[in-house]
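Data file: final-v4.txt. Format and content: compact mmCIF, C-alpha atoms and all ligand atoms.
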```
# COMPACT_ATOMS: atom_id res chain seq x y z
CA MET A 980 36.21 -4.24 -5.49
CA MET A 981 36.45 -1.91 -8.46
CA GLN A 982 33.14 -3.21 -9.64
CA VAL A 983 31.41 -2.61 -6.34
CA LEU A 984 32.77 0.91 -6.13
CA LYS A 985 31.56 1.74 -9.59
CA LYS A 986 28.15 0.41 -8.83
CA GLU A 987 27.90 2.52 -5.72
CA ASN A 988 28.96 5.61 -7.62
CA LEU A 989 26.25 4.91 -10.10
CA ILE A 990 23.57 4.70 -7.46
CA VAL A 991 24.68 7.52 -5.19
CA ASN A 992 26.02 10.01 -7.69
CA SER A 993 23.66 9.80 -10.60
CA LYS A 994 21.72 12.98 -10.00
CA ALA A 995 18.85 12.17 -12.28
CA MET A 996 18.32 8.82 -10.68
CA ARG A 997 18.44 10.30 -7.22
CA LYS A 998 15.89 12.86 -8.19
CA ALA A 999 13.64 10.18 -9.65
CA VAL A 1000 13.92 7.98 -6.55
CA LEU A 1001 13.28 10.99 -4.38
CA PHE A 1002 10.24 11.94 -6.33
CA ILE A 1003 8.77 8.44 -6.25
CA LEU A 1004 9.50 8.02 -2.56
CA SER A 1005 7.94 11.33 -1.66
CA ILE A 1006 4.81 10.47 -3.62
CA LEU A 1007 4.65 7.02 -2.06
CA SER A 1008 5.07 8.25 1.46
CA THR A 1009 2.56 11.04 0.97
CA LEU A 1010 0.08 8.56 -0.46
CA ASN A 1011 0.81 6.22 2.38
CA ALA A 1012 0.17 8.90 4.96
CA TRP A 1013 -2.93 10.00 3.18
CA ALA A 1014 -4.35 6.48 2.96
CA GLN A 1015 -3.73 5.93 6.64
CA GLU A 1016 -5.32 9.17 7.56
CA ALA A 1017 -8.42 8.60 5.43
CA GLU A 1018 -9.10 5.01 6.42
CA PRO A 1019 -8.10 4.37 9.95
CA VAL A 1020 -8.37 0.65 10.66
CA LYS A 1021 -10.10 -1.18 7.84
CA LYS A 1022 -8.40 -4.53 7.38
CA THR A 1023 -8.50 -6.08 3.95
CA PHE A 1024 -8.11 -9.65 2.80
CA TRP A 1025 -4.54 -8.97 1.64
CA ASP A 1026 -3.35 -7.87 5.06
CA ASP A 1027 -3.32 -11.47 6.20
CA PRO A 1028 -4.66 -13.81 3.49
CA ALA A 1029 -3.65 -17.03 5.21
CA SER A 1030 -5.92 -16.58 8.22
CA ASP A 1031 -8.82 -14.88 6.50
CA PRO A 1032 -12.09 -16.76 7.13
CA MET A 1033 -13.10 -16.30 3.49
CA LEU A 1034 -9.94 -18.01 2.19
CA PRO A 1035 -11.53 -21.46 1.51
CA VAL A 1036 -14.41 -19.79 -0.34
CA TYR A 1037 -12.04 -17.82 -2.55
CA LEU A 1038 -9.94 -20.92 -3.19
CA VAL A 1039 -12.97 -22.95 -4.23
CA MET A 1040 -14.13 -20.09 -6.46
CA ALA A 1041 -10.70 -19.87 -8.10
CA PHE A 1042 -10.70 -23.64 -8.62
CA VAL A 1043 -14.16 -23.60 -10.19
CA PHE A 1044 -13.07 -20.73 -12.43
CA VAL A 1045 -10.07 -22.66 -13.68
CA VAL A 1046 -12.18 -25.77 -14.27
CA ILE A 1047 -14.74 -23.75 -16.25
CA ILE A 1048 -12.00 -22.34 -18.46
CA LEU A 1049 -10.54 -25.80 -19.05
CA VAL A 1050 -13.96 -27.25 -19.88
CA GLY A 1051 -14.45 -24.37 -22.30
CA PHE A 1052 -11.22 -25.16 -24.10
CA VAL A 1053 -12.08 -28.84 -24.37
CA ALA A 1054 -15.57 -27.99 -25.65
CA ILE A 1055 -14.18 -25.74 -28.39
CA TYR A 1056 -11.76 -28.45 -29.38
CA LEU A 1057 -14.50 -31.08 -29.52
CA ILE A 1058 -16.72 -28.84 -31.66
CA LYS A 1059 -13.84 -28.36 -34.07
CA ILE A 1060 -13.34 -32.10 -34.37
CA LEU A 1061 -17.06 -32.62 -34.83
CA ASN A 1062 -17.15 -30.02 -37.61
CA MET A 1063 -14.23 -31.70 -39.31
CA LEU A 1064 -15.94 -35.09 -39.17
CA THR A 1065 -19.21 -33.69 -40.55
CA GLU A 1066 -17.33 -32.05 -43.37
CA GLU A 1067 -15.59 -35.33 -44.22
CA ALA A 1068 -18.91 -37.16 -44.17
CA GLU A 1069 -20.52 -34.59 -46.45
CA LYS A 1070 -17.62 -34.80 -48.86
CA GLU A 1071 -17.95 -38.57 -49.05
CA ASN A 1072 -21.68 -38.29 -49.46
CA ALA A 1073 -21.29 -35.84 -52.36
CA GLU A 1074 -18.73 -38.11 -54.01
CA ARG A 1075 -21.01 -41.12 -53.74
CA ARG A 1076 -23.88 -39.20 -55.31
CA GLY A 1077 -21.58 -37.87 -58.02
CA VAL A 1078 -22.21 -34.17 -57.28
CA SER A 1079 -19.41 -31.72 -56.60
CA TYR A 1080 -18.89 -30.87 -52.94
CA GLU A 1081 -19.61 -27.29 -51.93
CA PRO A 1082 -18.06 -26.45 -48.56
CA LYS A 1083 -20.52 -24.74 -46.27
CA ILE A 1084 -19.43 -21.25 -45.18
CA SER A 1085 -19.18 -21.12 -41.42
CA TRP A 1086 -21.14 -18.53 -39.50
CA TRP A 1087 -17.95 -16.70 -38.63
CA ALA A 1088 -16.51 -16.66 -42.16
CA GLY A 1089 -19.87 -15.40 -43.44
CA PHE A 1090 -19.92 -12.65 -40.86
CA ILE A 1091 -16.37 -11.52 -41.70
CA GLN A 1092 -17.27 -11.48 -45.41
CA LYS A 1093 -20.31 -9.36 -44.66
CA VAL A 1094 -18.62 -6.74 -42.50
CA ASN A 1095 -15.64 -6.41 -44.81
CA ALA A 1096 -17.48 -6.80 -48.13
CA ALA A 1097 -14.09 -7.08 -49.79
CA VAL A 1098 -14.00 -7.90 -53.49
CA PRO A 1099 -12.58 -11.44 -53.86
CA VAL A 1100 -9.08 -11.56 -55.31
CA GLU A 1101 -10.34 -13.31 -58.47
CA GLN A 1102 -12.65 -10.36 -59.24
CA GLU A 1103 -10.16 -7.60 -58.54
CA LYS A 1104 -9.98 -6.73 -62.24
CA SER A 1105 -13.50 -5.28 -62.01
CA ILE A 1106 -12.39 -2.51 -59.60
CA ASP A 1107 -8.93 -1.85 -61.02
CA LEU A 1108 -8.57 1.90 -61.62
CA GLY A 1109 -5.96 1.31 -64.25
CA HIS A 1110 -3.24 3.14 -62.34
CA ASN A 1111 -0.05 1.18 -62.30
CA TYR A 1112 2.94 2.33 -60.31
CA ASP A 1113 5.82 -0.06 -60.98
CA GLY A 1114 3.42 -2.96 -60.73
CA ILE A 1115 1.49 -1.59 -57.76
CA LYS A 1116 -2.12 -1.21 -58.79
CA GLU A 1117 -4.85 0.92 -57.32
CA LEU A 1118 -8.19 -0.70 -56.55
CA ASP A 1119 -11.44 1.17 -56.07
CA ASN A 1120 -12.54 -0.64 -52.92
CA HIS A 1121 -15.52 0.54 -50.90
CA LEU A 1122 -15.10 1.50 -47.31
CA PRO A 1123 -15.73 -1.70 -45.38
CA PRO A 1124 -19.22 -1.72 -43.83
CA TRP A 1125 -17.80 -2.12 -40.31
CA TRP A 1126 -15.98 1.16 -40.80
CA THR A 1127 -19.04 2.94 -42.13
CA TRP A 1128 -21.16 1.68 -39.27
CA LEU A 1129 -18.57 2.71 -36.74
CA PHE A 1130 -18.54 6.18 -38.28
CA ILE A 1131 -22.33 6.44 -38.20
CA GLY A 1132 -22.21 5.09 -34.65
CA THR A 1133 -19.94 7.94 -33.54
CA ILE A 1134 -22.35 10.48 -35.04
CA VAL A 1135 -25.29 8.89 -33.24
CA TRP A 1136 -23.24 8.74 -30.05
CA ALA A 1137 -22.37 12.43 -30.37
CA ALA A 1138 -26.04 13.31 -30.72
CA VAL A 1139 -26.97 11.23 -27.68
CA TYR A 1140 -24.06 12.68 -25.73
CA ILE A 1141 -24.94 16.28 -26.53
CA PHE A 1142 -28.56 15.69 -25.63
CA VAL A 1143 -27.82 13.86 -22.38
CA TYR A 1144 -25.10 16.19 -21.12
CA HIS A 1145 -25.95 19.58 -22.59
CA PHE A 1146 -29.70 19.72 -23.18
CA SER A 1147 -31.49 17.39 -20.82
CA ASP A 1148 -28.86 17.64 -18.02
CA THR A 1149 -29.52 14.01 -17.23
CA LEU A 1150 -25.89 13.38 -16.28
CA PRO A 1151 -23.40 15.79 -14.72
CA LEU A 1152 -20.59 17.35 -16.73
CA GLN A 1153 -16.99 16.99 -15.59
CA GLU A 1154 -17.01 20.29 -13.75
CA GLU A 1155 -20.14 19.32 -11.83
CA GLU A 1156 -18.77 15.87 -11.15
CA TYR A 1157 -15.62 17.44 -9.78
CA GLN A 1158 -17.56 19.81 -7.53
CA HIS A 1159 -19.66 16.92 -6.33
CA GLU A 1160 -16.60 14.85 -5.48
CA LEU A 1161 -15.12 17.80 -3.64
CA ALA A 1162 -18.30 18.14 -1.64
CA VAL A 1163 -18.30 14.42 -0.81
CA ALA A 1164 -14.65 14.60 0.22
CA ALA A 1165 -15.27 17.67 2.36
CA GLU A 1166 -18.15 15.89 4.06
CA GLN A 1167 -16.00 12.80 4.64
CA SER A 1168 -13.20 14.81 6.14
CA ARG A 1169 -15.67 16.74 8.30
CA ARG A 1170 -17.07 13.49 9.63
CA LEU A 1171 -13.59 12.08 10.17
CA THR A 1172 -12.42 15.06 12.16
CA ALA A 1173 -15.68 15.08 14.11
CA SER A 1174 -15.22 11.41 15.00
CA GLN A 1175 -11.66 11.86 16.20
CA PRO A 1176 -11.22 15.36 17.52
CA GLN A 1177 -7.61 16.45 17.21
CA ALA A 1178 -5.90 18.16 20.02
CA GLU A 1179 -4.65 21.48 18.77
CA VAL A 1180 -0.97 22.08 19.22
CA ASP A 1181 0.13 25.40 20.58
CA GLU A 1182 2.95 25.95 18.08
CA ALA A 1183 4.16 29.21 19.54
CA GLY A 1184 4.48 27.77 23.02
CA LEU A 1185 5.95 24.44 22.03
CA VAL A 1186 8.54 23.19 24.51
CA TYR A 1187 10.41 19.90 24.28
CA THR A 1188 10.19 17.49 27.18
CA ASN A 1189 11.53 13.98 26.96
CA ASP A 1190 8.10 12.55 27.67
CA ALA A 1191 8.46 8.83 26.96
CA ALA A 1192 4.79 8.39 26.01
CA ILE A 1193 4.90 11.13 23.36
CA ILE A 1194 8.26 9.95 22.02
CA GLU A 1195 6.98 6.38 21.79
CA LYS A 1196 3.97 7.55 19.78
CA GLY A 1197 6.24 9.67 17.62
CA LYS A 1198 8.33 6.62 16.90
CA ALA A 1199 5.24 4.70 15.76
CA VAL A 1200 4.23 7.57 13.48
CA TYR A 1201 7.81 7.76 12.15
CA MET A 1202 7.78 4.06 11.32
CA SER A 1203 4.30 3.93 9.82
CA ASN A 1204 5.02 6.88 7.53
CA SER A 1205 8.30 5.41 6.31
CA CYS A 1206 10.32 8.45 7.31
CA GLY A 1207 13.07 5.84 7.45
CA SER A 1208 13.04 5.45 3.68
CA CYS A 1209 14.82 8.81 3.49
CA HIS A 1210 16.29 9.22 6.99
CA ARG A 1211 16.85 5.56 7.93
CA ASN A 1212 14.86 3.97 10.69
CA ASP A 1213 17.51 4.96 13.23
CA GLY A 1214 17.55 8.52 11.87
CA GLY A 1215 21.13 8.22 10.66
CA GLY A 1216 20.28 9.61 7.23
CA ASN A 1217 20.94 8.17 3.79
CA ALA A 1218 21.58 9.30 0.24
CA ILE A 1219 18.31 11.23 0.29
CA GLY A 1220 17.58 12.61 3.72
CA PRO A 1221 19.93 14.20 6.27
CA ASN A 1222 21.08 12.77 9.56
CA LEU A 1223 18.54 13.57 12.29
CA THR A 1224 20.67 12.35 15.18
CA ASP A 1225 23.48 14.90 15.11
CA GLU A 1226 23.48 18.49 16.30
CA PHE A 1227 23.61 19.99 12.82
CA TRP A 1228 20.42 21.25 11.22
CA LEU A 1229 19.65 22.51 7.74
CA HIS A 1230 16.47 24.19 8.90
CA GLY A 1231 17.15 24.90 12.51
CA GLY A 1232 17.22 22.58 15.51
CA ASP A 1233 14.89 24.46 17.81
CA VAL A 1234 11.78 22.48 18.69
CA LYS A 1235 9.58 25.00 16.85
CA GLN A 1236 11.83 24.95 13.80
CA ILE A 1237 11.83 21.16 13.64
CA TYR A 1238 8.06 21.18 14.06
CA GLU A 1239 7.79 23.65 11.16
CA THR A 1240 10.15 21.61 8.95
CA ILE A 1241 8.11 18.45 9.45
CA LYS A 1242 4.82 20.31 9.07
CA ASN A 1243 5.70 22.31 5.94
CA GLY A 1244 8.42 20.05 4.51
CA VAL A 1245 11.10 21.23 2.13
CA VAL A 1246 9.17 20.12 -0.88
CA GLU A 1247 11.65 21.26 -3.53
CA LYS A 1248 14.37 19.23 -1.78
CA GLY A 1249 12.22 16.12 -1.44
CA MET A 1250 11.03 16.43 2.15
CA PRO A 1251 7.21 16.13 2.03
CA ALA A 1252 4.98 18.57 3.89
CA TRP A 1253 3.55 16.20 6.48
CA GLY A 1254 1.21 18.77 7.98
CA LYS A 1255 -0.99 18.35 4.94
CA THR A 1256 -1.68 14.72 5.72
CA MET A 1257 -1.34 14.35 9.45
CA SER A 1258 -2.74 15.93 12.54
CA PRO A 1259 -0.82 18.61 14.43
CA LEU A 1260 -0.56 16.15 17.30
CA ASN A 1261 1.22 13.62 15.10
CA VAL A 1262 3.61 16.30 13.91
CA LYS A 1263 4.36 17.19 17.51
CA GLU A 1264 4.95 13.55 18.41
CA LEU A 1265 7.28 13.22 15.43
CA THR A 1266 9.13 16.34 16.50
CA PHE A 1267 9.67 14.97 19.99
CA PHE A 1268 10.78 11.62 18.61
CA VAL A 1269 13.26 13.27 16.21
CA MET A 1270 14.64 15.34 19.07
CA SER A 1271 14.93 12.25 21.24
CA LEU A 1272 17.31 10.83 18.62
CA GLN A 1273 19.88 13.52 19.49
CA GLY A 1274 23.22 11.97 20.30
CA THR A 1275 22.14 8.38 19.62
CA ASN A 1276 25.08 8.24 17.21
CA PRO A 1277 24.02 5.31 14.98
CA VAL A 1278 26.69 3.47 12.97
CA ASP A 1279 27.42 4.71 9.46
CA ALA A 1280 25.41 7.86 10.03
CA LYS A 1281 25.50 10.54 7.36
CA ALA A 1282 27.98 13.39 7.70
CA PRO A 1283 26.61 16.50 9.44
CA GLN A 1284 24.88 19.11 7.30
CA GLY A 1285 23.80 22.63 8.20
CA GLU A 1286 24.32 24.69 11.32
CA LEU A 1287 25.28 23.52 14.76
CA PHE A 1288 22.39 23.77 17.21
CA LYS A 1289 22.00 22.01 20.50
CA ALA A 1290 18.46 20.89 20.00
CA VAL A 1291 17.92 19.23 23.35
CA PRO A 1292 18.78 21.36 26.32
CA VAL A 1293 19.79 19.01 29.09
CA GLU A 1294 17.26 20.36 31.57
CA SER A 1295 14.61 21.78 29.38
CA ASP A 1296 12.06 22.08 32.17
CA SER A 1297 14.23 23.89 34.65
CA THR A 1298 15.66 26.31 32.07
CA ALA A 1299 12.15 27.12 30.97
CA LYS A 1300 11.19 27.78 34.59
CA GLU A 1301 14.27 29.88 35.13
CA GLU A 1302 13.45 31.96 32.08
CA ALA A 1303 9.89 32.37 33.26
CA ALA A 1304 11.11 33.44 36.68
CA LEU A 1305 13.39 36.13 35.25
C1 LIG A 1401 11.03 11.32 0.38
C2 LIG A 1401 12.08 11.45 1.31
C3 LIG A 1401 11.76 11.92 2.71
C4 LIG A 1401 10.84 11.41 3.58
C5 LIG A 1401 9.86 10.28 3.36
C6 LIG A 1401 10.99 12.15 4.79
N1 LIG A 1401 11.96 13.09 4.65
FE1 LIG A 1401 12.59 14.40 6.06
N2 LIG A 1401 13.85 15.22 4.76
C7 LIG A 1401 14.09 14.79 3.46
C8 LIG A 1401 15.08 15.63 2.85
C9 LIG A 1401 15.61 15.47 1.44
C10 LIG A 1401 15.43 16.60 3.80
C11 LIG A 1401 16.46 17.71 3.66
C12 LIG A 1401 15.83 18.91 3.00
C13 LIG A 1401 16.84 19.92 2.60
O1 LIG A 1401 17.87 19.52 2.06
O2 LIG A 1401 16.57 21.11 2.81
C14 LIG A 1401 14.65 16.30 4.98
C15 LIG A 1401 14.72 17.02 6.16
C16 LIG A 1401 14.10 16.68 7.32
C17 LIG A 1401 14.25 17.38 8.57
C18 LIG A 1401 15.10 18.59 8.80
C19 LIG A 1401 16.52 18.20 9.04
C20 LIG A 1401 17.44 19.38 9.17
O3 LIG A 1401 18.63 19.14 9.08
O4 LIG A 1401 16.96 20.51 9.34
C21 LIG A 1401 13.49 16.74 9.49
C22 LIG A 1401 13.33 17.09 10.96
C23 LIG A 1401 12.82 15.66 8.82
N3 LIG A 1401 13.21 15.64 7.51
C24 LIG A 1401 11.93 14.78 9.41
C25 LIG A 1401 11.21 13.83 8.71
C26 LIG A 1401 10.15 13.05 9.29
C27 LIG A 1401 9.72 13.11 10.74
C28 LIG A 1401 9.66 12.27 8.30
C29 LIG A 1401 8.49 11.31 8.35
C30 LIG A 1401 7.22 11.84 8.75
C31 LIG A 1401 10.42 12.56 7.11
N4 LIG A 1401 11.35 13.51 7.40
C32 LIG A 1401 10.22 11.92 5.90
C33 LIG A 1401 13.47 13.73 2.85
C34 LIG A 1401 12.46 12.97 3.38
```
Please express what this file holds, its structure, as C-alpha cells.
Amino acid sequence: MMQVLKKENLIVNSKAMRKAVLFILSILSTLNAWAQEAEPVKKTFWDDPASDPMLPVYLVMAFVFVVIILVGFVAIYLIKILNMLTEEAEKENAERRGVSYEPKISWWAGFIQKVNAAVPVEQEKSIDLGHNYDGIKELDNHLPPWWTWLFIGTIVWAAVYIFVYHFSDTLPLQEEEYQHELAVAAEQSRRLTASQPQAEVDEAGLVYTNDAAIIEKGKAVYMSNSCGSCHRNDGGGNAIGPNLTDEFWLHGGDVKQIYETIKNGVVEKGMPAWGKTMSPLNVKELTFFVMSLQGTNPVDAKAPQGELFKAVPVESDSTAKEEAAL
C-alpha cells in the first residue's frame, strides 16, 4: 500500500513531470487535430494492414528482400573461403618452386593504404622529429590524402554552392523556399475551405439548446481530438484538465464563455487553442457537447474548480423567448 501511494505521489505531484506530460499531450493533440483537418479521409495501409489488398504483394517483397540479403551474406562468405583457398594454393606453389611467397595485397587493403598514405611502422624513424616526451615521440606525418581531398572537396562545393544559389539563382534560397511553401499551404487551405464551406457561427448570438444531433457530433469531435486525454472521455477531469461535468468553471460557464475557452484555449495552462485547427462549427458542437455533460456526475470525477455557474438553464428556449418578449 505504501508503495502504491508513493508511486501515485510521484506521478501526480511531480510538477516538472506534469508540465512535460502536459506539453507533449498538447502538442500531440494539436498535431492530431491539424492532421485531421488537413487530410480528411485518406486511408493508409497502416489503418488496417490485415485487410489491405496490397498485403500479399508487400509480404512477397519483404520475403524477397530477406532472401536477397541472406544470399548476399552467403556469397561474401564463399568469396572469402575461395580467397583463402587460392592463397593456400599459391603458397604451396611458391614453396614447390623454391621462391619466397609474396602475399598479394587485396584491392581493399591497397585502397586503404593509398588514402591514408601512412608511413609503415618499420619506417617511422625516417619521420621522427626527435622530440621525446617521457617516451612519447612526435612524428612528422602528412595529412592523409582522404583528409586533403575532403578539404578540397568542401572548397569546390562552396564555389558550386555560391554560384548556384547566389549568382545563377538556379535554386531557391531558404527564404524563397519558405515563401513558396507558405504560398502552397495557403493555396491548399483555400482549396480545402472552398471544397467544404464552413458554416459561420454567430458567436455573439450563441444560445445553447440540447439538440441531440449537434451534441452527438460534438461528442465525435471530442473523441477524435482526444480531449479525453486531459478531461477524461466522460469529462470527469484528470490530473491535467478540470472536470467539465460540474457547475464550477475556471473560465466561465456561459455558452459563449465555454465557446471562447475552447476556441482560444488557455495555452499557458495547457489547454490548446482549438479554434486554430478546427472550424467554428466544430467548436460550437464541442461547446454543446461539453454543456450536455452538466450533471452527469461520473465516478471519481475531479474536485470542482473555479466559480459556480449554472451552465445549462433548464428551459433555455423559453427563457430566451421570455427575455426577447420583455
Ligand atoms: C493537453 C491537455 C488538454 C486537452 C487535449 C484539452 N484540454 Fe481542455 N483544458 C485543459 C486544461 C489544463 C484546462 C484548464 C485551464 C486552466 O487551468 O485555466 C482546460 C480547460 C478546459 C475548459 C474550461 C473549463 C473551465 O473550468 O472553465 C473547457 C471547456 C475545455 N478545456 C474543453 C476542452 C475540449 C472540448 C477539448 C478537446 C477539443 C479539450 N479541452 C482538450 C487541458 C486540455
Item to check | Interatomic distance (Å, one decimal) between CA of Leu1061 (chain A) and CA of Val1046 (chain A) | outcome: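 Between CA of Leu1061 (chain A) and CA of Val1046 (chain A) the gap works out to 22.2 Å.
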Could you list, as a tab-separated table (two decimals) with C-alpha atoms, in the coordinates of the input, all residues that come within 8 Å of ligand LIG 1401 (chain A)? Count all atoms listed in the file.
```
chain	number	residue	atom	x	y	z
A	1001	LEU	CA	13.28	10.99	-4.38
A	1002	PHE	CA	10.24	11.94	-6.33
A	1003	ILE	CA	8.77	8.44	-6.25
A	1004	LEU	CA	9.50	8.02	-2.56
A	1005	SER	CA	7.94	11.33	-1.66
A	1006	ILE	CA	4.81	10.47	-3.62
A	1008	SER	CA	5.07	8.25	1.46
A	1009	THR	CA	2.56	11.04	0.97
A	1200	VAL	CA	4.23	7.57	13.48
A	1201	TYR	CA	7.81	7.76	12.15
A	1202	MET	CA	7.78	4.06	11.32
A	1204	ASN	CA	5.02	6.88	7.53
A	1205	SER	CA	8.30	5.41	6.31
A	1206	CYS	CA	10.32	8.45	7.31
A	1207	GLY	CA	13.07	5.84	7.45
A	1208	SER	CA	13.04	5.45	3.68
A	1209	CYS	CA	14.82	8.81	3.49
A	1210	HIS	CA	16.29	9.22	6.99
A	1219	ILE	CA	18.31	11.23	0.29
A	1220	GLY	CA	17.58	12.61	3.72
A	1221	PRO	CA	19.93	14.20	6.27
A	1222	ASN	CA	21.08	12.77	9.56
A	1223	LEU	CA	18.54	13.57	12.29
A	1227	PHE	CA	23.61	19.99	12.82
A	1228	TRP	CA	20.42	21.25	11.22
A	1229	LEU	CA	19.65	22.51	7.74
A	1230	HIS	CA	16.47	24.19	8.90
A	1231	GLY	CA	17.15	24.90	12.51
A	1232	GLY	CA	17.22	22.58	15.51
A	1237	ILE	CA	11.83	21.16	13.64
A	1238	TYR	CA	8.06	21.18	14.06
A	1240	THR	CA	10.15	21.61	8.95
A	1241	ILE	CA	8.11	18.45	9.45
A	1244	GLY	CA	8.42	20.05	4.51
A	1245	VAL	CA	11.10	21.23	2.13
A	1246	VAL	CA	9.17	20.12	-0.88
A	1248	LYS	CA	14.37	19.23	-1.78
A	1249	GLY	CA	12.22	16.12	-1.44
A	1250	MET	CA	11.03	16.43	2.15
A	1251	PRO	CA	7.21	16.13	2.03
A	1253	TRP	CA	3.55	16.20	6.48
A	1262	VAL	CA	3.61	16.30	13.91
A	1265	LEU	CA	7.28	13.22	15.43
A	1266	THR	CA	9.13	16.34	16.50
A	1269	VAL	CA	13.26	13.27	16.21
A	1284	GLN	CA	24.88	19.11	7.30
A	1285	GLY	CA	23.80	22.63	8.20
```
Item to check | Residue nearest Leu1185 (chain A) - candidates A:Phe1044, A:Phe1267, A:Tyr1080, A:Phe1142, atoms counted: only C-alpha atoms | outcome: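 Checking each of A:Phe1044, A:Phe1267, A:Tyr1080, A:Phe1142 against Leu1185 (chain A), counting only C-alpha atoms, the winner is A:Phe1267.
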Checklist entry - Between CA of Leu1161 (chain A) and CA of Tyr1144 (chain A), what is the spacing in Å? => result 20.2 Å
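Interatomic distance, CA of Ala1252 (chain A) to CA of Ala1218 (chain A): 19.4 Å.
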Next on the checklist: For Asp1233 (chain A), find every residue with an atom within 12 Å (counting all atoms listed in the file), except residues of its own chain fewer than 6 positions away, and show them as a PyMOL selection string.
Outcome noted: chain A and resi 1183+1185-1187+1226-1227+1239-1240+1266-1267+1269-1270+1286-1292+1295
For the residues in that selection, give me C-alpha atoms as an mmCIF file, in the coordinates of the input.
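Written file, out-v8.cif:
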```
data_model
loop_
_atom_site.group_PDB
_atom_site.id
_atom_site.type_symbol
_atom_site.label_atom_id
_atom_site.label_comp_id
_atom_site.auth_asym_id
_atom_site.auth_seq_id
_atom_site.Cartn_x
_atom_site.Cartn_y
_atom_site.Cartn_z
ATOM 1 C CA ALA A 1183 4.160 29.210 19.540
ATOM 2 C CA LEU A 1185 5.950 24.440 22.030
ATOM 3 C CA VAL A 1186 8.540 23.190 24.510
ATOM 4 C CA TYR A 1187 10.410 19.900 24.280
ATOM 5 C CA GLU A 1226 23.480 18.490 16.300
ATOM 6 C CA PHE A 1227 23.610 19.990 12.820
ATOM 7 C CA GLU A 1239 7.790 23.650 11.160
ATOM 8 C CA THR A 1240 10.150 21.610 8.950
ATOM 9 C CA THR A 1266 9.130 16.340 16.500
ATOM 10 C CA PHE A 1267 9.670 14.970 19.990
ATOM 11 C CA VAL A 1269 13.260 13.270 16.210
ATOM 12 C CA MET A 1270 14.640 15.340 19.070
ATOM 13 C CA GLU A 1286 24.320 24.690 11.320
ATOM 14 C CA LEU A 1287 25.280 23.520 14.760
ATOM 15 C CA PHE A 1288 22.390 23.770 17.210
ATOM 16 C CA LYS A 1289 22.000 22.010 20.500
ATOM 17 C CA ALA A 1290 18.460 20.890 20.000
ATOM 18 C CA VAL A 1291 17.920 19.230 23.350
ATOM 19 C CA PRO A 1292 18.780 21.360 26.320
ATOM 20 C CA SER A 1295 14.610 21.780 29.380
#
```
Next on the checklist: List the spatial neighbours of region 1089-1102 of chain A as number ranges by chain - criterion: any atom at most 7 Å away, only C-alpha atoms, same-chain residues fewer than 2 positions off excluded.
Outcome noted: A: 1084-1087, 1104-1105, 1123-1125
Checklist entry - Which residues, written as an NGL selection string, have at least one atom at most 12 Å from Ala1192 (chain A), with all atoms listed in the file counted and residues fewer than 4 positions away on the same chain left out? => result :A and (1188 or 1196-1199 or 1264-1265 or 1267-1268 or 1271)
Checklist outcome for this item: Among A:Thr1127, A:Gln1273, A:Ser1168, A:Ser1258, Gly1214 (chain A) is approached most closely, using all atoms listed in the file, by A:Gln1273
Checklist entry - From the set A:Tyr1037, A:Pro1082, A:Glu1195, A:Gly1274, which residue has the shortest atom-to-atom contact distance to Met1063 (chain A), counting all atoms listed in the file? => result A:Pro1082
